[in-house]
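First the structure, in the form of structure tokens, and then the observations on it.
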Amino acid sequence: MYIGEVKNKEIWENFLLKCEEKTFLQSWNWGEFHERLGNKIWRLGIFEDVQHRVLHNVALVVKVAAKRGTFLLAQHNTGVSRVLIDKLKEIAEKEDCSFLRMAPLLPRNEENKKLFRGFGFREAPMHASAYEATWKLDITKTEMELLANMRKTTRYLIRQAEKSADILIEKSNRAEDIEIFQRINLESAKRQKFAPFSNQFIKNEFEIFNQDEQSLLFFGKYKGEVAAAALIIFWSDIAFYHQAASSAKYAKIPLPYLLQWEAIKESKARGCKMYDFWGYVDPKTQPRHPWAGPTLFKMGFGGGAHEYLKTQDLPLSKKYWLIYIFEKIRKIKRGL
């Protein structure tokens, strides 16, 4: 096996189109997003021969320079190998990185845990993407079948919202409407006590994917006032419910249910086969987790849980252990 950088967007995207397990965090545009943020990236390809004729796997790698330390991050790659690890170590040494962090889309089983331990990895103190588990819905079924497979309460609330003259769902592909989304998002963050992404982060995400018509904003209005919002990414036959916010003022109005249903219908219209609700915890085993409530909401639409190997770290210097302690404390404070 040989490793090298992939310079062609079509080659990269066509390879990922054939992959079953994937998210847009491996997409070409997510690399563009990171470069706009000022982060250095590498689009690595693992090839069968030195002429780079047969591509076997890819990994988008980002240099993260945070206050707590500098490291290389590979999110949602679907494989790991000695040739990839050696290349990442080589890059890390040149870039003065303290560790490698991987969040692979590999099943959470003993075989894969053993695989990473064999390379010297250990479980990270924090997840890398709020995505060590997710809830997915197959949307190749008809709308009637999808409704029939929903939780009875979810289906009822969608129907009630559809009948209400006060409820309206609007779609937007205008970057300036990010400001509307952020007003609701900041309110949600304050109420739910989480650190929201910055305006620039969400604006960049929306604009980069919007260049390829892969992003769309949804706004739920009650009597003309925006009370719920979502940013959906459409990529490689999958729709991702990546960013969402709602107002406590209209918490008893079933706006989010209809907004979600409209997003699912839009995804079907675009030819998507899967709807990824982005993030899951088991409400039965972790009822006090901050994501337990949102997960129950997602589960009402049907679908199933998918759990992946927990985020893995490969320490490369003594600096890593200070970062490890810092992140461990932060995780405890957040109740994660």
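Labels for the structure tokens follow display order: chains A, B, ..., residues from 1 in each chain, ligands from 1.
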Taking a cut-off of 12 Å and counting only C-alpha atoms, can you build a table that, for each residue of region 158-271 of chain A near region 288-312 of chain A, reports the nearest atom pair and how far apart they are in Å (one decimal), sorted by chain then residue number, as JSON lines?
```
{"residue": "A:Ile158", "atom": "CA", "partner": "A:Phe301", "partner_atom": "CA", "distance": 10.3}
{"residue": "A:Ala189", "atom": "CA", "partner": "A:Pro290", "partner_atom": "CA", "distance": 11.8}
{"residue": "A:Arg191", "atom": "CA", "partner": "A:Pro290", "partner_atom": "CA", "distance": 11.7}
{"residue": "A:Gln192", "atom": "CA", "partner": "A:Pro290", "partner_atom": "CA", "distance": 8.1}
{"residue": "A:Lys193", "atom": "CA", "partner": "A:Pro290", "partner_atom": "CA", "distance": 9.2}
{"residue": "A:Phe194", "atom": "CA", "partner": "A:Pro290", "partner_atom": "CA", "distance": 9.2}
{"residue": "A:Tyr241", "atom": "CA", "partner": "A:Lys298", "partner_atom": "CA", "distance": 10.2}
{"residue": "A:Ala244", "atom": "CA", "partner": "A:Pro294", "partner_atom": "CA", "distance": 10.4}
{"residue": "A:Ala245", "atom": "CA", "partner": "A:Pro294", "partner_atom": "CA", "distance": 10.9}
{"residue": "A:Ser246", "atom": "CA", "partner": "A:Pro294", "partner_atom": "CA", "distance": 11.5}
{"residue": "A:Pro254", "atom": "CA", "partner": "A:Phe297", "partner_atom": "CA", "distance": 11.3}
{"residue": "A:Pro256", "atom": "CA", "partner": "A:Phe297", "partner_atom": "CA", "distance": 9.2}
{"residue": "A:Tyr257", "atom": "CA", "partner": "A:Phe297", "partner_atom": "CA", "distance": 8.4}
{"residue": "A:Leu258", "atom": "CA", "partner": "A:Phe301", "partner_atom": "CA", "distance": 11.0}
{"residue": "A:Gln260", "atom": "CA", "partner": "A:Phe301", "partner_atom": "CA", "distance": 8.8}
{"residue": "A:Trp261", "atom": "CA", "partner": "A:Phe301", "partner_atom": "CA", "distance": 8.4}
{"residue": "A:Ala263", "atom": "CA", "partner": "A:Phe301", "partner_atom": "CA", "distance": 12.0}
{"residue": "A:Ile264", "atom": "CA", "partner": "A:Phe301", "partner_atom": "CA", "distance": 9.8}
```
From the DSSP assignment of the backbone, select every residue of region 46-275 of chain A that is helix (DSSP H, G or I), and format the answer as a ChimeraX atom specification. /A:82-95,110-118,143-148,152-163,175-192,199-210,248-250,255-269
Using only C-alpha atoms, what table do you get, as CSV, when you list each residue of region 21-53 of chain A with an atom no more than 12 Å from region 114-131 of chain A, its nearest pair of atoms, and their distance in Å rounded to one decimal, rows by chain then rising number?
```
residue,atom,partner,partner_atom,distance
A:Lys22,CA,A:Tyr131,CA,11.7
A:Thr23,CA,A:Tyr131,CA,10.0
A:Phe24,CA,A:Ser129,CA,11.7
A:Leu25,CA,A:Ser129,CA,9.1
```
Sorted by chain and rising residue number, which residues of region 212-271 of chain A lie within 9 Å of region 175-184 of chain A, and what are their closest atom pairs and distances in Å to one decimal, counting only C-alpha atoms, as a Markdown table?
```
| residue | atom | partner | partner_atom | distance |
| --- | --- | --- | --- | --- |
| A:Leu217 | CA | A:Asp177 | CA | 8.0 |
| A:Phe218 | CA | A:Phe181 | CA | 8.9 |
| A:Phe219 | CA | A:Phe181 | CA | 7.9 |
| A:Val226 | CA | A:Ile180 | CA | 8.0 |
| A:Ala227 | CA | A:Ile184 | CA | 7.2 |
| A:Ala228 | CA | A:Ile184 | CA | 7.1 |
| A:Ala229 | CA | A:Phe181 | CA | 6.0 |
| A:Ala230 | CA | A:Phe181 | CA | 7.5 |
| A:Leu231 | CA | A:Phe181 | CA | 8.4 |
| A:Ala244 | CA | A:Phe181 | CA | 8.4 |
| A:Ala245 | CA | A:Ile184 | CA | 5.8 |
| A:Ser246 | CA | A:Ile184 | CA | 5.9 |
| A:Ser247 | CA | A:Ile184 | CA | 6.1 |
```
Considering only C-alpha atoms, can you say which of A:Trp278, A:Glu143, A:Thr154, A:Met1 comes closest to Asp49 (chain A)?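 Of the candidates, the smallest distance to Asp49 (chain A) is held by A:Met1.
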